[in-house]
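So this one's structure_20.csv, CSV, C-alpha atoms:
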```
chain,number,residue,atom,x,y,z
A,3,MET,CA,-8.4,31.2,10.1
A,4,SER,CA,-8.5,33.9,7.5
A,5,TYR,CA,-11.7,34.9,5.5
A,6,LYS,CA,-10.0,33.7,2.3
A,7,MET,CA,-9.4,30.2,3.9
A,8,LEU,CA,-12.9,30.1,5.3
A,9,LYS,CA,-14.2,30.8,1.8
A,10,CYS,CA,-12.3,27.9,0.5
A,11,VAL,CA,-13.4,25.4,3.2
A,12,PRO,CA,-15.9,22.9,1.8
A,13,LEU,CA,-19.4,23.2,3.2
A,14,LEU,CA,-21.5,20.2,3.9
A,15,ILE,CA,-25.2,20.7,3.2
A,16,GLY,CA,-26.7,17.3,4.1
A,17,PHE,CA,-23.9,15.3,2.6
A,18,SER,CA,-23.1,17.8,-0.3
A,19,LEU,CA,-19.6,18.9,-0.4
A,20,SER,CA,-18.5,21.8,-2.6
A,21,GLY,CA,-14.8,22.5,-2.6
A,22,CYS,CA,-12.0,24.8,-3.4
A,23,ALA,CA,-10.2,25.0,-6.7
A,24,VAL,CA,-7.5,22.7,-5.3
A,25,GLN,CA,-10.1,20.0,-4.5
A,26,GLU,CA,-12.4,18.1,-6.8
A,27,LYS,CA,-15.9,19.7,-6.8
A,28,LEU,CA,-18.4,17.5,-4.9
A,29,SER,CA,-22.1,17.6,-5.2
A,30,LEU,CA,-25.2,15.9,-4.0
A,31,GLY,CA,-26.3,12.9,-5.9
A,32,VAL,CA,-29.8,12.9,-4.3
A,33,GLU,CA,-32.5,15.6,-3.7
A,34,ASN,CA,-33.0,14.7,-0.1
A,35,PRO,CA,-29.8,13.4,1.6
A,36,CYS,CA,-31.6,12.8,5.0
A,37,ALA,CA,-34.3,10.6,3.4
A,38,SER,CA,-31.6,8.8,1.4
A,39,LEU,CA,-29.6,8.1,4.5
A,40,GLN,CA,-32.6,6.8,6.3
A,41,ASN,CA,-33.5,4.5,3.3
A,42,ILE,CA,-29.9,3.2,3.1
A,43,VAL,CA,-30.0,2.4,6.8
A,44,ALA,CA,-33.3,0.6,6.3
A,45,ASP,CA,-31.8,-1.5,3.5
A,46,TYR,CA,-29.0,-2.8,5.8
A,47,ASP,CA,-30.6,-6.2,6.4
A,48,SER,CA,-30.5,-7.0,2.6
A,49,GLY,CA,-26.8,-6.1,2.4
A,50,PHE,CA,-27.8,-2.9,0.7
A,51,ALA,CA,-29.0,-4.9,-2.3
A,52,SER,CA,-31.1,-2.1,-3.6
A,53,TYR,CA,-28.0,0.1,-3.8
A,54,ARG,CA,-25.6,-2.3,-5.5
A,55,GLY,CA,-24.6,-1.2,-9.0
A,56,LYS,CA,-21.6,-2.4,-11.1
A,57,ALA,CA,-19.4,-4.8,-9.2
A,58,SER,CA,-15.6,-5.1,-9.0
A,59,SER,CA,-14.5,-8.4,-7.3
A,60,PHE,CA,-11.4,-8.9,-5.2
A,61,ASN,CA,-10.1,-11.8,-3.1
A,62,SER,CA,-12.2,-11.3,0.0
A,63,MET,CA,-14.6,-8.7,-1.0
A,64,THR,CA,-16.7,-7.1,-3.8
A,65,VAL,CA,-17.0,-3.4,-4.2
A,66,PHE,CA,-20.2,-2.2,-5.9
A,67,ARG,CA,-20.7,1.3,-7.3
A,68,ALA,CA,-23.7,2.6,-5.3
A,69,LYS,CA,-26.8,3.1,-7.5
A,70,GLU,CA,-27.8,6.0,-5.3
A,71,GLN,CA,-25.0,8.4,-4.5
A,72,ILE,CA,-25.5,10.7,-1.5
A,73,ILE,CA,-22.3,12.4,-2.7
A,74,SER,CA,-22.3,12.1,-6.5
A,75,GLY,CA,-19.6,9.7,-7.7
A,76,HIS,CA,-18.1,9.0,-4.2
A,77,CYS,CA,-20.2,6.2,-2.8
A,78,GLU,CA,-19.8,2.4,-2.8
A,79,VAL,CA,-21.2,-0.7,-1.2
A,80,TRP,CA,-18.6,-3.0,0.1
A,81,ALA,CA,-19.5,-6.7,0.5
A,82,TRP,CA,-17.1,-8.9,2.4
A,83,ALA,CA,-16.9,-12.7,1.9
A,84,ASN,CA,-18.5,-13.3,5.3
A,85,ASN,CA,-21.7,-11.6,4.1
A,86,ASP,CA,-21.1,-8.3,5.9
A,87,SER,CA,-21.8,-5.2,3.8
A,88,ALA,CA,-21.4,-1.5,4.2
A,89,TYR,CA,-22.4,1.6,2.4
A,90,ILE,CA,-19.5,4.1,2.2
A,91,CYS,CA,-19.0,7.6,0.8
A,92,SER,CA,-15.6,9.2,0.9
A,93,SER,CA,-13.7,12.2,-0.3
A,94,THR,CA,-10.1,13.4,-0.1
A,95,ALA,CA,-9.2,16.8,1.1
A,96,PRO,CA,-6.2,19.0,0.1
A,97,ASN,CA,-5.1,19.4,3.7
A,98,GLU,CA,-5.9,18.8,7.3
A,99,ASP,CA,-7.8,22.0,7.9
A,100,VAL,CA,-10.2,21.3,5.0
A,101,ALA,CA,-10.6,17.7,6.2
A,102,SER,CA,-11.3,18.9,9.7
A,103,ALA,CA,-14.0,21.3,8.5
A,104,MET,CA,-15.6,18.6,6.3
A,105,TYR,CA,-15.5,16.2,9.2
A,106,GLU,CA,-17.2,18.6,11.7
A,107,LYS,CA,-19.9,19.5,9.2
A,108,SER,CA,-20.5,15.8,8.3
A,109,ILE,CA,-21.0,14.9,12.0
A,110,ALA,CA,-23.5,17.7,12.4
A,111,SER,CA,-25.4,16.7,9.2
A,112,VAL,CA,-25.5,13.0,10.2
A,113,ALA,CA,-26.8,13.9,13.7
A,114,GLN,CA,-29.5,16.2,12.2
A,115,CYS,CA,-30.6,13.5,9.7
A,116,ILE,CA,-30.8,10.6,12.1
A,117,GLY,CA,-32.3,12.4,15.1
A,118,ASN,CA,-32.1,11.8,18.8
A,119,THR,CA,-33.0,8.1,18.7
A,120,TRP,CA,-29.3,7.4,18.0
A,121,LYS,CA,-26.5,7.8,20.5
A,122,GLN,CA,-23.5,9.8,19.4
A,123,GLU,CA,-20.3,8.5,20.9
A,124,ALA,CA,-17.4,10.6,21.9
A,125,GLU,CA,-14.8,11.2,19.3
A,126,ALA,CA,-12.2,8.4,19.2
A,127,GLU,CA,-8.7,8.3,17.8
A,128,ARG,CA,-8.0,6.2,14.8
A,129,ILE,CA,-4.9,4.0,14.9
A,130,ARG,CA,-3.3,2.4,11.8
A,131,ASP,CA,-0.1,0.3,11.9
A,132,GLY,CA,0.5,1.6,15.5
A,133,GLU,CA,0.3,5.3,14.4
A,134,ALA,CA,-2.3,7.9,15.0
A,135,ALA,CA,-4.4,8.1,11.8
A,136,GLY,CA,-7.1,10.7,12.5
A,137,VAL,CA,-10.4,10.5,14.4
A,138,ALA,CA,-13.9,9.0,14.2
A,139,THR,CA,-17.3,9.8,15.6
A,140,ARG,CA,-19.7,7.0,15.8
A,141,PHE,CA,-23.5,6.8,16.0
A,142,ALA,CA,-25.3,3.8,17.4
A,143,ALA,CA,-29.0,3.1,17.1
A,144,GLN,CA,-31.1,1.8,20.0
A,145,LYS,CA,-32.4,-1.1,17.9
A,146,ALA,CA,-30.0,-4.1,17.8
A,147,ASP,CA,-30.5,-5.0,14.1
A,148,THR,CA,-29.6,-1.5,12.9
A,149,PRO,CA,-26.2,-0.7,11.4
A,150,GLY,CA,-23.8,1.8,12.9
A,151,ILE,CA,-23.0,5.1,11.3
A,152,ALA,CA,-19.5,6.6,11.6
A,153,VAL,CA,-17.8,9.7,10.3
A,154,HIS,CA,-14.0,9.4,10.0
A,155,ARG,CA,-11.3,12.0,9.4
A,156,VAL,CA,-8.3,10.2,8.1
A,157,ASP,CA,-5.0,11.9,8.6
A,158,TYR,CA,-2.3,9.4,7.8
A,159,ARG,CA,1.0,10.3,6.3
A,160,SER,CA,-0.1,12.6,3.4
A,161,ASP,CA,-3.7,11.4,3.2
A,162,ASN,CA,-6.4,13.7,4.3
A,163,SER,CA,-9.9,12.5,3.7
A,164,VAL,CA,-13.3,12.1,5.2
A,165,TYR,CA,-15.6,9.1,4.9
A,166,ILE,CA,-19.0,8.2,6.1
A,167,TYR,CA,-19.6,4.5,6.9
A,168,ILE,CA,-23.0,2.8,7.3
A,169,GLY,CA,-22.6,-0.9,8.3
A,170,PRO,CA,-21.9,-3.5,10.9
A,171,THR,CA,-20.4,-2.2,14.2
A,172,SER,CA,-18.2,-5.3,14.4
A,173,ARG,CA,-15.8,-3.8,11.8
A,174,ARG,CA,-14.3,-1.4,14.3
A,175,ASP,CA,-11.6,-0.2,11.9
A,176,HIS,CA,-14.3,1.1,9.6
A,177,PHE,CA,-17.0,1.8,12.1
```
Please lay out the structure from this file as structure tokens.
Amino acid sequence: MSYKMLKCVPLLIGFSLSGCAVQEKLSLGVENPCASLQNIVADYDSGFASYRGKASSFNSMTVFRAKEQIISGHCEVWAWANNDSAYICSSTAPNEDVASAMYEKSIASVAQCIGNTWKQEAEAERIRDGEAAGVATRFAAQKADTPGIAVHRVDYRSDNSVYIYIGPTSRRDHF
């Protein structure tokens, strides 16, 4: 990879992403992303009630703009009709190389923030409609009532994106 390309690759500092001219500029929405991540995980039992902002309702779910945005402008709380909820931050990438760099740095940042009391699973392939659709790395806590955390790199058709999911491990497609 050339120096010019490396200069353009977004860097993840905590969860802060700053991108190239071809990508929307991303920034931290909090001063301490690790503390925010830990507080969000702690609010899981309430369905992330402390983080729910303005709601948009759909047939089987409600999407809330997150009051606290680890990545400014890119985080939501999803609440499904069966009372499951997840806190999700996502960002698109201009290409697979940038998405891969964002993904690797996101994994390292999450691992650093949550510490060694969580088990990092081996990277797994994502499948969508029977086709390969990227990869995911999942983190599981030792406590049963704690949500899972997953970092996904989506590579499906022309979509290159990365998202961080904090929520029930039963939603395997997201987690």
Requested in this report: Would you list the contacts of Ala146 in chain A as a PyMOL selection string, taking every protein, DNA or RNA residue within 12 Å and counting only C-alpha atoms, but skipping same-chain residues closer than 5 positions in sequence?
Outcome: chain A and resi 47+120+170-171
_Could you list, as an MDAnalysis selection string, every residue within 8 Å of Ala88 in chain A, counting all atoms listed in the file and ignoring same-chain residues fewer than 3 positions away?_
chainID A and resid 46 49:50 79:81 167:170
Saved selection, atoms kept: C-alpha atoms, as a PDB file, in the coordinates of the input:
```pdb
ATOM      1  CA  TYR A  46     -29.000  -2.800   5.800  1.00  0.00           C
ATOM      2  CA  GLY A  49     -26.800  -6.100   2.400  1.00  0.00           C
ATOM      3  CA  PHE A  50     -27.800  -2.900   0.700  1.00  0.00           C
ATOM      4  CA  VAL A  79     -21.200  -0.700  -1.200  1.00  0.00           C
ATOM      5  CA  TRP A  80     -18.600  -3.000   0.100  1.00  0.00           C
ATOM      6  CA  ALA A  81     -19.500  -6.700   0.500  1.00  0.00           C
ATOM      7  CA  TYR A 167     -19.600   4.500   6.900  1.00  0.00           C
ATOM      8  CA  ILE A 168     -23.000   2.800   7.300  1.00  0.00           C
ATOM      9  CA  GLY A 169     -22.600  -0.900   8.300  1.00  0.00           C
ATOM     10  CA  PRO A 170     -21.900  -3.500  10.900  1.00  0.00           C
TER      11      PRO A 170
END
```
From the list A:Asn84, A:Asn61, A:Gln122, A:Ser102, the nearest residue to Ile151 in chain A using only C-alpha atoms is A:Gln122
Worksheet item: Which one of A:Ala37, A:Val156, A:Met104, A:Val112 sits closest to Ile129 in chain A if you count only C-alpha atoms?
Response: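 With only C-alpha atoms as the atom set, the closest residue is A:Val156.
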Between CA of Gly136 in chain A and CA of Asp45 in chain A lies a distance of 29.0 Å
Fill in: Selection: 8 Å around range 38-40 of chain A, all atoms listed in the file, excl. self and same-chain fewer than 5 positions, as number ranges by chain
A: 32, 72, 115-116
TODO: Enter the distance from CA of Cys77 in chain A to CA of Gln114 in chain A, in Å, rounded to one decimal.
DONE: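 We find that CA of Cys77 in chain A and CA of Gln114 in chain A lie 20.3 Å from each other.
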Q) Given the choices A:Glu125, A:Tyr165, A:Tyr105, A:Ala152, which gets closest to His76 in chain A if the distance is worked out from all atoms listed in the file? A)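 Of A:Glu125, A:Tyr165, A:Tyr105, A:Ala152, the one nearest His76 in chain A, counting all atoms listed in the file, is A:Tyr165.
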Atomic distance CA of Cys91 in chain A - CA of Ala113 in chain A, expressed in Å with one decimal
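Rounded to one decimal, the two atoms are 16.3 Å apart.
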Checklist entry - So which residues touch Phe66 in chain A within 10 Å, counting only C-alpha atoms, skipping near sequence neighbours fewer than 3 positions away, as a PyMOL selection string? => result chain A and resi 51+53-59+63+69+77-81+89
Residues around (-15.1, 6.5, 25.5), cut-off 12 Å, counting only C-alpha atoms - what are they as a short mmCIF file (atom, residue, chain, number, x, y, z; two decimals) with C-alpha atoms, in the coordinates of the input?
```cif
data_model
loop_
_atom_site.label_atom_id
_atom_site.label_comp_id
_atom_site.auth_asym_id
_atom_site.auth_seq_id
_atom_site.Cartn_x
_atom_site.Cartn_y
_atom_site.Cartn_z
CA GLN A 122 -23.50 9.80 19.40
CA GLU A 123 -20.30 8.50 20.90
CA ALA A 124 -17.40 10.60 21.90
CA GLU A 125 -14.80 11.20 19.30
CA ALA A 126 -12.20 8.40 19.20
CA GLU A 127 -8.70 8.30 17.80
CA ALA A 138 -13.90 9.00 14.20
CA THR A 139 -17.30 9.80 15.60
CA ARG A 140 -19.70 7.00 15.80
#
```
